[in-house]
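Report on the following structure.
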Amino acid sequence: MRRTLLIAIVVALGAPATASAHATLTQESPSYGQRLARAPHWIELRFDEHVDALRSGVAVLDMNGRDYVRGIRIAERSLVVPLRPLPTGGYTVQWRALSTDGHVVSGVYTFGVGVPAPPVTGAVGAGGPTGTEDVVRWIYFVGLALLAGGLGFRLVVTRGPLPERAEPRFYRLAGLGVVVLLEAGLVAFLLRAEDVLQLPFATFLYGDLSPIARTRFGTAFIAMELGFALVAALLVLGWLTDRRAFLWAAFALALIFASGLSLSGHSAAGAGASKLSELADWLHLVAASIWVGGLVQLVAVVWPTAPELRGLALRRFSRLATLCIAVLLTAGTYLSVMRLPRTQDLWRTGYGHVLLVKLGLVALALLWGAAHQFLALPRLERPGFAARLGRSLLGESAVAMAILLAAAVLVNSKPPVQQVPQPPVAARQR
């Protein structure tokens, strides 16, 4: 069976993809992200084949939504758009054109006149993260926990050979994690692109995705998709060969590529962002993933299939979880102080409300884990107690999943704007 699966994977990877034939934007002037010293008199969109202009197919909008387009004319493979005089500020270009194959192609990009160009994710008309994106981000976190936490549990906690029923279950859970990571990552990118392009899902796939691909989020998405595909290959090799070296390599790469989330979020681009905040965010994410994923392995693999390992696995996992929680709390405290410098922001802002919910869930999980460590573990050998403890561990796992959901909402929420200190009036008048 393993050989058949390996052949199927090779065939799938080697199968040729179908090429699309619709027109593609090859150059724009002003270019995406450009900061101009002087206002342009027109913009030009150049394609790799002839396109037809659509009525109201191009708009050049200031940050208030005012359109400065005076008309559209076709010049060979280009759309030339004369403009009214542009004041200093940031501008969003929204364009749509008819390709020769009948598909409507479209795109959005930004530039600035006398000021830096706005981020394309903040283009005029973009709505920002939605509830659907919160759910997708949560699923992504769950996938990372199943993969990284599962590998960490297998390598650090159980270590040696597992019983015949337990080993396949471990690989199924870890494999599910990496599949979820790849698929949820793709959906997250498409949802962000759909919002930026401001098009229905059915038509935005013909849009120009290059501007969002060049953002921090887009670059991180591409790197993580490629990285976790490599992790999937290492996981399969570990399963086929029974060599732990492949699992160690998969574990290390999973932790490395998880940093893409920290390098593209609030800790990298928000107020007060620094290398230290990026490191703290990554440590926070890694610690949570190893803790939650290890807890799932304990409940779903060891407890039902390896009763002889329950006591040893629970003791070892308790030590690992204590280390993870210490890192989680230290890094989380630093990030909370950085993003909420004023205590009242905890109850006056939406970001603070979500953070309070997350802190409450973490406190509940800590108390639950402490009860397992100090009260339940010494009684594990009592008749019938293991079954009750298994149900309790399942409850703790549910709380851990809720923590990941709160974290997903928190990541997509905007921290409160930090007030910049103003100099005294006397100093300003000098």
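Simple scheme: letters A, B, ... for chains in structure tokens order, numbers from 1 for residues in each chain, numbers from 1 for ligands in the order shown.
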Closest atom pairs, residues of stretch 213-282 of chain A within 12 Å of stretch 321-327 of chain A, only C-alpha atoms, as CSV:
```
residue,atom,partner,partner_atom,distance
A:Leu279,CA,A:Val327,CA,11.6
A:Ala280,CA,A:Val327,CA,9.0
A:Asp281,CA,A:Val327,CA,10.5
A:Trp282,CA,A:Val327,CA,10.5
```
Write out as a PyMOL selection string which residues come within 12 Å of A:Arg391 when counting only C-alpha atoms, dropping same-chain ones fewer than 2 positions away.
chain A and resi 298-300+303-304+372+384-389+393-398
Quick check, in Å to one decimal: how far apart do atom CA of A:Asp48 and atom CA of A:Pro30 lie?
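Atom-to-atom, atom CA of A:Asp48 to atom CA of A:Pro30, that is 17.7 Å.
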Shell of 8 Å around A:Gly332, only C-alpha atoms, local chain residues under 3 positions omitted, as a ChimeraX atom specification
/A:280-281,284,328-329,335-336
Can you tell me which residues surround stretch 406-416 of chain A at a distance of at most 7 Å, considering only C-alpha atoms, apart from same-chain residues fewer than 2 positions away, and format the answer as an NGL selection string?
:A and (129 or 134 or 137-138 or 339 or 349 or 351 or 354-355 or 358 or 402-404 or 418)
Selected residues written out with C-alpha atoms, as a PDB file, in the first residue's frame:
```pdb
ATOM      1  CA  PRO A 129     -10.648  40.551   7.491  1.00  0.00           C
ATOM      2  CA  ASP A 134     -11.250  34.230  11.308  1.00  0.00           C
ATOM      3  CA  ARG A 137      -7.177  31.270  10.349  1.00  0.00           C
ATOM      4  CA  TRP A 138      -8.398  29.109  13.247  1.00  0.00           C
ATOM      5  CA  ARG A 339       0.019  46.319  21.688  1.00  0.00           C
ATOM      6  CA  THR A 349     -11.427  48.267  22.740  1.00  0.00           C
ATOM      7  CA  TYR A 351      -9.000  43.989  20.582  1.00  0.00           C
ATOM      8  CA  VAL A 354     -10.906  39.362  22.567  1.00  0.00           C
ATOM      9  CA  LEU A 355      -7.646  39.322  24.509  1.00  0.00           C
ATOM     10  CA  LYS A 358      -8.308  34.440  25.392  1.00  0.00           C
ATOM     11  CA  ALA A 402     -11.103  27.485  21.845  1.00  0.00           C
ATOM     12  CA  ILE A 403      -7.872  29.288  22.729  1.00  0.00           C
ATOM     13  CA  LEU A 404      -6.702  28.840  19.128  1.00  0.00           C
ATOM     14  CA  GLN A 418      -1.259  54.248  20.003  1.00  0.00           C
TER      15      GLN A 418
END
```
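Among the candidates A:Leu234, A:Leu25, A:Ala273, A:Ala59, the one nearest to A:Tyr171 when counting only C-alpha atoms is A:Leu234.
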Spatial neighbours of A:Trp239, max dist 12 Å, only C-alpha atoms, sep filter under 2 positions, as a PyMOL selection string
chain A and resi 1-3+5-6+167-172+174-175+232-237+241-247+250
Keeping N, CA and C atoms, export the residues of the selection given above as a CSV table (one decimal), in the first residue's frame.
```csv
chain,number,residue,atom,x,y,z
A,1,MET,N,0.8,-1.2,0.0
A,1,MET,CA,0.0,0.0,0.0
A,1,MET,C,0.9,1.3,0.0
A,2,ARG,N,2.0,1.2,0.8
A,2,ARG,CA,2.8,2.4,0.9
A,2,ARG,C,3.5,2.7,-0.5
A,3,ARG,N,3.9,1.6,-1.2
A,3,ARG,CA,4.5,1.8,-2.5
A,3,ARG,C,3.5,2.4,-3.5
A,5,LEU,N,0.9,4.3,-2.8
A,5,LEU,CA,0.7,5.7,-2.5
A,5,LEU,C,1.8,6.6,-3.0
A,6,LEU,N,3.1,6.1,-2.8
A,6,LEU,CA,4.2,6.8,-3.3
A,6,LEU,C,4.1,7.0,-4.8
A,167,GLU,N,0.9,3.8,16.0
A,167,GLU,CA,1.8,4.5,15.0
A,167,GLU,C,1.0,5.0,13.8
A,168,PRO,N,0.1,4.2,13.2
A,168,PRO,CA,-0.7,4.7,12.0
A,168,PRO,C,-1.5,5.9,12.4
A,169,ARG,N,-2.1,5.9,13.7
A,169,ARG,CA,-2.9,7.0,14.1
A,169,ARG,C,-2.1,8.3,14.2
A,170,PHE,N,-0.9,8.2,14.7
A,170,PHE,CA,0.0,9.4,14.8
A,170,PHE,C,0.2,9.9,13.4
A,171,TYR,N,0.5,9.1,12.4
A,171,TYR,CA,0.8,9.6,11.1
A,171,TYR,C,-0.5,10.2,10.4
A,172,ARG,N,-1.6,9.6,10.7
A,172,ARG,CA,-2.9,10.1,10.2
A,172,ARG,C,-3.1,11.5,10.7
A,174,ALA,N,-0.9,13.7,12.0
A,174,ALA,CA,0.1,14.6,11.5
A,174,ALA,C,-0.1,14.9,10.1
A,175,GLY,N,-0.5,13.9,9.3
A,175,GLY,CA,-0.8,14.1,7.9
A,175,GLY,C,-2.0,15.0,7.7
A,232,ALA,N,5.5,18.0,4.2
A,232,ALA,CA,4.6,16.8,3.8
A,232,ALA,C,5.4,15.7,3.2
A,233,ALA,N,6.4,16.1,2.3
A,233,ALA,CA,7.2,15.1,1.7
A,233,ALA,C,8.1,14.3,2.7
A,234,LEU,N,8.6,15.1,3.7
A,234,LEU,CA,9.5,14.5,4.7
A,234,LEU,C,8.6,13.6,5.6
A,235,LEU,N,7.4,14.0,5.9
A,235,LEU,CA,6.5,13.2,6.7
A,235,LEU,C,6.2,11.8,6.0
A,236,VAL,N,6.0,11.9,4.7
A,236,VAL,CA,5.7,10.7,4.0
A,236,VAL,C,6.9,9.8,3.9
A,237,LEU,N,8.1,10.4,3.8
A,237,LEU,CA,9.4,9.6,3.8
A,237,LEU,C,9.6,8.9,5.2
A,241,THR,N,9.8,4.9,5.4
A,241,THR,CA,11.1,4.3,5.7
A,241,THR,C,11.3,4.0,7.2
A,242,ASP,N,10.4,4.5,8.1
A,242,ASP,CA,10.5,4.3,9.5
A,242,ASP,C,11.8,4.9,10.1
A,243,ARG,N,12.2,6.0,9.5
A,243,ARG,CA,13.4,6.7,10.0
A,243,ARG,C,13.1,8.0,10.7
A,244,ARG,N,13.5,8.1,11.9
A,244,ARG,CA,13.1,9.2,12.7
A,244,ARG,C,13.8,10.5,12.2
A,245,ALA,N,14.9,10.4,11.5
A,245,ALA,CA,15.6,11.6,11.0
A,245,ALA,C,14.7,12.4,10.1
A,246,PHE,N,13.8,11.8,9.3
A,246,PHE,CA,12.9,12.5,8.5
A,246,PHE,C,11.9,13.3,9.4
A,247,LEU,N,11.5,12.6,10.5
A,247,LEU,CA,10.5,13.3,11.4
A,247,LEU,C,11.2,14.5,12.1
A,250,ALA,N,11.3,17.2,9.5
A,250,ALA,CA,9.9,17.8,9.3
A,250,ALA,C,9.5,18.7,10.4
```
Any chance you could list, as a VMD selection string, the residues in stretch 304-403 of chain A that come up alpha helix (DSSP H) when DSSP is run on the backbone?
chain A and resid 304 to 305 310 to 339 345 to 348 350 to 371 385 to 403
Selection: 9 Å around stretch 188-198 of chain A, only C-alpha atoms, excl. self and same-chain fewer than 6 positions, as a count of residues only
30
With distances taken over only C-alpha atoms, which of A:Phe111, A:Phe228, A:Trp368, A:Trp95 is nearest to A:Gly260?
A:Phe228
Using DSSP secondary structure from the backbone, list all strand (DSSP E or B) positions within stretch 39-74 of chain A, as a list of chain:residue names.
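Checking each residue of stretch 39-74 of chain A, the strand (DSSP E or B) ones are A:Trp42, A:Ile43, A:Glu44, A:Leu45, A:Arg46, A:Phe47, A:Val51, A:Asp52, A:Ala53, A:Leu54, A:Arg55, A:Ser56, A:Gly57, A:Val58, A:Ala59, A:Val60, A:Leu61, A:Asp62, A:Asp67, A:Val69, A:Arg73, A:Ile74.
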Pairwise distance for atom CA of A:Val157 and atom CA of A:Leu367, rounded to one decimal in Å:
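Pair atom CA of A:Val157 / atom CA of A:Leu367 returns 21.7 Å.
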When distances are computed from only C-alpha atoms, which of A:Gly90, A:Pro82, A:Gly265, A:Gly143 shows the smallest separation from A:Arg216?
A:Gly265
Please, what distance in Å, to one decimal, runs between atom CA of A:Ala37 and atom CA of A:Gly112?
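Distance reported for this atom pair: 8.7 Å.
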